[in-house]
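Here the structure comes first, spelled out in structure tokens, and everything after it is commentary.
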Amino acid sequence: YNKTDTGYDARKHYYKMPSNYFRKKSSPLTWKNIEFIRRLTNKPLILKGILSAKDAKIADNIGVNAIWISNHGGRQLESDITSIEVLEGIKNYIKSKTKLIVDGGIRTGSDIFKCLALGADYVAIGRPIIFGLIANANIGVEKVLELYIHELKTTMHLCGVSDINKLD
């Protein structure tokens with residue numbers, strides 16, 4: 001018995017929603033909505049999906065605590081710009097207190113190094129962590145993280161950087 005093959009086929013259970021299903025149920029999110037949410041709470045507000053310096057500046061002026069630069073995996077628009085391509089430009093348009101989180105296509109420790117050097121405060125890693133989880137539960141996740149740490153330290157060493165806080 002192969003524990004990964006259960007015989008389940010999602011295509012047999014797929015229910016196709018009408019093409020206008022989501023348009024009926026929701027209204028578009030606007031900057032006015034974000035301003036309203038900011039006025040409602042003093043809790044940290046993180047805005048995800050920013051890919052332009054113009055939008056980052058607006059979000060920063062509204063007072064978000066962090067901007068999450070992401071194209072949401074690029075699955076919907078395969079030709080969309082990548083997060084790392086816009087990171088440095090966005091960093092130049094925001095106040096220093098606003099944190100930057102970046103994700104998308106982070107597959108090596110050197111990718112983390114590049115994101116940090118271009119101005120990210122945090123680098124989010126999703127898919128490789130899921131792969132580690134699938135491969136061997138918590139041990140798989142630990143191994144993925146160990147590999148990232150090793151690659152990041154190696155990249156720092158090769159670039160002559162001893163302190164991660166001094167990347168530029």
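The chains in the structure tokens are called A, B, ... from first to last as shown; in each chain the residues are counted from 1, and the ligands are counted from 1 in the order shown.
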Write out as an mmCIF file with N, CA and C atoms, in the first residue's frame the residues lying within 7 Å of Leu47 (chain A), counting only C-alpha atoms and excluding same-chain residues fewer than 2 positions away.
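Produced file result.cif, reproduced below:
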```cif
data_model
loop_
_atom_site.group_PDB
_atom_site.id
_atom_site.type_symbol
_atom_site.label_atom_id
_atom_site.label_comp_id
_atom_site.auth_asym_id
_atom_site.auth_seq_id
_atom_site.Cartn_x
_atom_site.Cartn_y
_atom_site.Cartn_z
ATOM 1 N N LEU A 45 -1.527 46.386 10.568
ATOM 2 C CA LEU A 45 -2.217 46.194 9.294
ATOM 3 C C LEU A 45 -1.177 45.897 8.229
ATOM 4 N N GLY A 49 0.044 41.937 -1.694
ATOM 5 C CA GLY A 49 -0.250 41.954 -3.120
ATOM 6 C C GLY A 49 0.197 43.223 -3.820
ATOM 7 N N VAL A 64 -0.243 51.737 6.781
ATOM 8 C CA VAL A 64 -0.115 50.305 7.024
ATOM 9 C C VAL A 64 1.207 50.048 7.730
ATOM 10 N N ALA A 66 2.944 47.138 7.402
ATOM 11 C CA ALA A 66 3.813 46.370 6.514
ATOM 12 C C ALA A 66 3.174 46.248 5.146
ATOM 13 N N ILE A 67 4.027 46.181 4.161
ATOM 14 C CA ILE A 67 3.600 45.953 2.777
ATOM 15 C C ILE A 67 4.183 44.612 2.366
ATOM 16 N N TRP A 68 3.303 43.727 1.934
ATOM 17 C CA TRP A 68 3.720 42.394 1.506
ATOM 18 C C TRP A 68 3.751 42.402 -0.014
#
```
Practice item. Quick one: everything within 10 Å of Lys54 (chain A), counting only C-alpha atoms, minus sequence neighbours fewer than 5 positions away in the same chain. Send it as a PyMOL selection string. Key: chain A and resi 59-60+89-90+93-94
Can those selected residues be exported to a file as a short mmCIF file (atom, residue, chain, number, x, y, z; two decimals), in the first residue's frame so that it contains N, CA and C atoms?
```
data_model
loop_
_atom_site.label_atom_id
_atom_site.label_comp_id
_atom_site.auth_asym_id
_atom_site.auth_seq_id
_atom_site.Cartn_x
_atom_site.Cartn_y
_atom_site.Cartn_z
N ALA A 59 -0.26 53.04 0.15
CA ALA A 59 -0.42 52.20 1.34
C ALA A 59 0.38 52.77 2.52
N ASP A 60 1.57 53.23 2.25
CA ASP A 60 2.43 53.80 3.28
C ASP A 60 1.80 55.07 3.85
N GLY A 89 12.59 49.25 -5.99
CA GLY A 89 11.83 50.45 -6.31
C GLY A 89 10.82 50.80 -5.24
N ILE A 90 10.16 49.79 -4.68
CA ILE A 90 9.20 50.02 -3.61
C ILE A 90 9.92 50.51 -2.36
N TYR A 93 10.41 54.16 -2.08
CA TYR A 93 9.22 55.02 -1.99
C TYR A 93 8.53 55.01 -0.64
N ILE A 94 9.01 54.21 0.30
CA ILE A 94 8.30 54.11 1.58
C ILE A 94 9.13 54.63 2.73
#
```
Exercise for review: Please give the complete set of residues from chain A that DSSP, run on the backbone, assigns to strand (DSSP E or B), formatted as a PyMOL selection string.
Suggested key: chain A and resi 46-50+66-69+99-102+122-123
Keeping all heavy atoms, export the residues of the selection given above as a short mmCIF file (atom, residue, chain, number, x, y, z; two decimals), in the first residue's frame.
```cif
data_model
loop_
_atom_site.label_atom_id
_atom_site.label_comp_id
_atom_site.auth_asym_id
_atom_site.auth_seq_id
_atom_site.Cartn_x
_atom_site.Cartn_y
_atom_site.Cartn_z
N ILE A 46 -1.28 44.72 7.63
CA ILE A 46 -0.36 44.30 6.58
C ILE A 46 -1.17 44.19 5.29
O ILE A 46 -2.19 43.51 5.24
CB ILE A 46 0.28 42.94 6.91
CG1 ILE A 46 1.05 43.03 8.23
CG2 ILE A 46 1.18 42.48 5.77
CD1 ILE A 46 1.56 41.69 8.73
N LEU A 47 -0.69 44.84 4.25
CA LEU A 47 -1.37 44.82 2.96
C LEU A 47 -0.58 43.96 2.00
O LEU A 47 0.59 44.24 1.70
CB LEU A 47 -1.50 46.24 2.43
CG LEU A 47 -2.45 46.48 1.28
CD1 LEU A 47 -3.86 46.02 1.64
CD2 LEU A 47 -2.47 47.94 0.90
N LYS A 48 -1.18 42.87 1.51
CA LYS A 48 -0.49 41.92 0.65
C LYS A 48 -0.93 42.09 -0.79
O LYS A 48 -2.08 42.34 -1.08
CB LYS A 48 -0.79 40.48 1.10
CG LYS A 48 -0.01 39.46 0.28
CD LYS A 48 -0.25 38.04 0.74
CE LYS A 48 0.59 37.10 -0.10
NZ LYS A 48 0.20 35.73 0.04
N GLY A 49 0.04 41.94 -1.69
CA GLY A 49 -0.25 41.95 -3.12
C GLY A 49 0.20 43.22 -3.82
O GLY A 49 -0.18 43.48 -4.95
N ILE A 50 1.02 44.01 -3.17
CA ILE A 50 1.52 45.25 -3.76
C ILE A 50 2.64 44.91 -4.75
O ILE A 50 3.56 44.17 -4.41
CB ILE A 50 2.03 46.21 -2.67
CG1 ILE A 50 0.91 46.59 -1.70
CG2 ILE A 50 2.70 47.44 -3.27
CD1 ILE A 50 -0.18 47.42 -2.29
N ALA A 66 2.94 47.14 7.40
CA ALA A 66 3.81 46.37 6.51
C ALA A 66 3.17 46.25 5.15
O ALA A 66 1.95 46.22 5.02
CB ALA A 66 4.10 44.99 7.10
N ILE A 67 4.03 46.18 4.16
CA ILE A 67 3.60 45.95 2.78
C ILE A 67 4.18 44.61 2.37
O ILE A 67 5.39 44.39 2.47
CB ILE A 67 4.11 47.08 1.86
CG1 ILE A 67 3.43 48.40 2.23
CG2 ILE A 67 3.89 46.72 0.40
CD1 ILE A 67 4.02 49.61 1.55
N TRP A 68 3.30 43.73 1.93
CA TRP A 68 3.72 42.39 1.51
C TRP A 68 3.75 42.40 -0.01
O TRP A 68 2.72 42.39 -0.67
CB TRP A 68 2.75 41.35 2.02
CG TRP A 68 3.22 39.93 1.89
CD1 TRP A 68 3.83 39.34 0.82
CD2 TRP A 68 3.10 38.91 2.87
NE1 TRP A 68 4.09 38.03 1.07
CE2 TRP A 68 3.65 37.74 2.33
CE3 TRP A 68 2.57 38.87 4.16
CZ2 TRP A 68 3.69 36.53 3.02
CZ3 TRP A 68 2.60 37.67 4.84
CH2 TRP A 68 3.16 36.51 4.29
N ILE A 69 4.97 42.43 -0.56
CA ILE A 69 5.16 42.45 -2.01
C ILE A 69 4.96 41.03 -2.51
O ILE A 69 5.72 40.12 -2.15
CB ILE A 69 6.56 42.98 -2.36
CG1 ILE A 69 6.75 44.37 -1.76
CG2 ILE A 69 6.75 42.99 -3.87
CD1 ILE A 69 8.19 44.86 -1.79
N LYS A 99 7.45 48.13 7.31
CA LYS A 99 8.19 46.90 7.03
C LYS A 99 7.82 46.37 5.64
O LYS A 99 6.68 46.52 5.19
CB LYS A 99 7.90 45.82 8.07
CG LYS A 99 8.30 46.23 9.48
CD LYS A 99 9.78 46.44 9.58
CE LYS A 99 10.20 46.81 10.99
NZ LYS A 99 11.58 47.20 11.07
N LEU A 100 8.79 45.72 5.01
CA LEU A 100 8.56 45.09 3.71
C LEU A 100 8.73 43.58 3.84
O LEU A 100 9.75 43.10 4.34
CB LEU A 100 9.56 45.61 2.67
CG LEU A 100 9.33 47.00 2.13
CD1 LEU A 100 10.39 47.34 1.09
CD2 LEU A 100 7.95 47.15 1.54
N ILE A 101 7.72 42.87 3.38
CA ILE A 101 7.75 41.41 3.32
C ILE A 101 7.72 41.07 1.84
O ILE A 101 6.98 41.69 1.07
CB ILE A 101 6.52 40.80 4.02
CG1 ILE A 101 6.40 41.32 5.45
CG2 ILE A 101 6.57 39.28 3.97
CD1 ILE A 101 5.05 41.05 6.09
N VAL A 102 8.50 40.11 1.43
CA VAL A 102 8.51 39.71 0.02
C VAL A 102 8.37 38.19 -0.06
O VAL A 102 8.86 37.46 0.80
CB VAL A 102 9.78 40.21 -0.70
CG1 VAL A 102 11.02 39.54 -0.18
CG2 VAL A 102 9.66 40.07 -2.20
N TYR A 122 11.57 41.07 5.71
CA TYR A 122 11.21 39.67 5.90
C TYR A 122 11.08 39.00 4.54
O TYR A 122 10.64 39.62 3.58
CB TYR A 122 9.87 39.53 6.65
CG TYR A 122 9.86 40.21 7.99
CD1 TYR A 122 9.35 41.50 8.14
CD2 TYR A 122 10.36 39.57 9.12
CE1 TYR A 122 9.34 42.14 9.37
CE2 TYR A 122 10.36 40.20 10.35
CZ TYR A 122 9.85 41.48 10.47
OH TYR A 122 9.85 42.10 11.69
N VAL A 123 11.44 37.72 4.49
CA VAL A 123 11.30 36.93 3.27
C VAL A 123 10.40 35.75 3.61
O VAL A 123 10.71 34.97 4.51
CB VAL A 123 12.67 36.46 2.74
CG1 VAL A 123 12.50 35.64 1.47
CG2 VAL A 123 13.60 37.65 2.51
#
```
Check your understanding: Which polymer residues have any atom within 10 Å of an atom of Glu142 (chain A), counting only C-alpha atoms, with same-chain residues fewer than 4 positions away left out, as a PyMOL selection string?
Key -> chain A and resi 129+132-133+136-138+146-148
Check your understanding: When you draw a straight line from CA of Leu152 (chain A) to CA of Ser70 (chain A), how long is it in Å?
Key ->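 Distance reported for this atom pair: 21.3 Å.
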Practice item. Go through A:Lys91, A:Lys166, A:Lys153, A:His72 and flag the residue nearest Ala124 (chain A), using only C-alpha atoms for the distances. Key: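 The closest residue to Ala124 (chain A) is A:His72.
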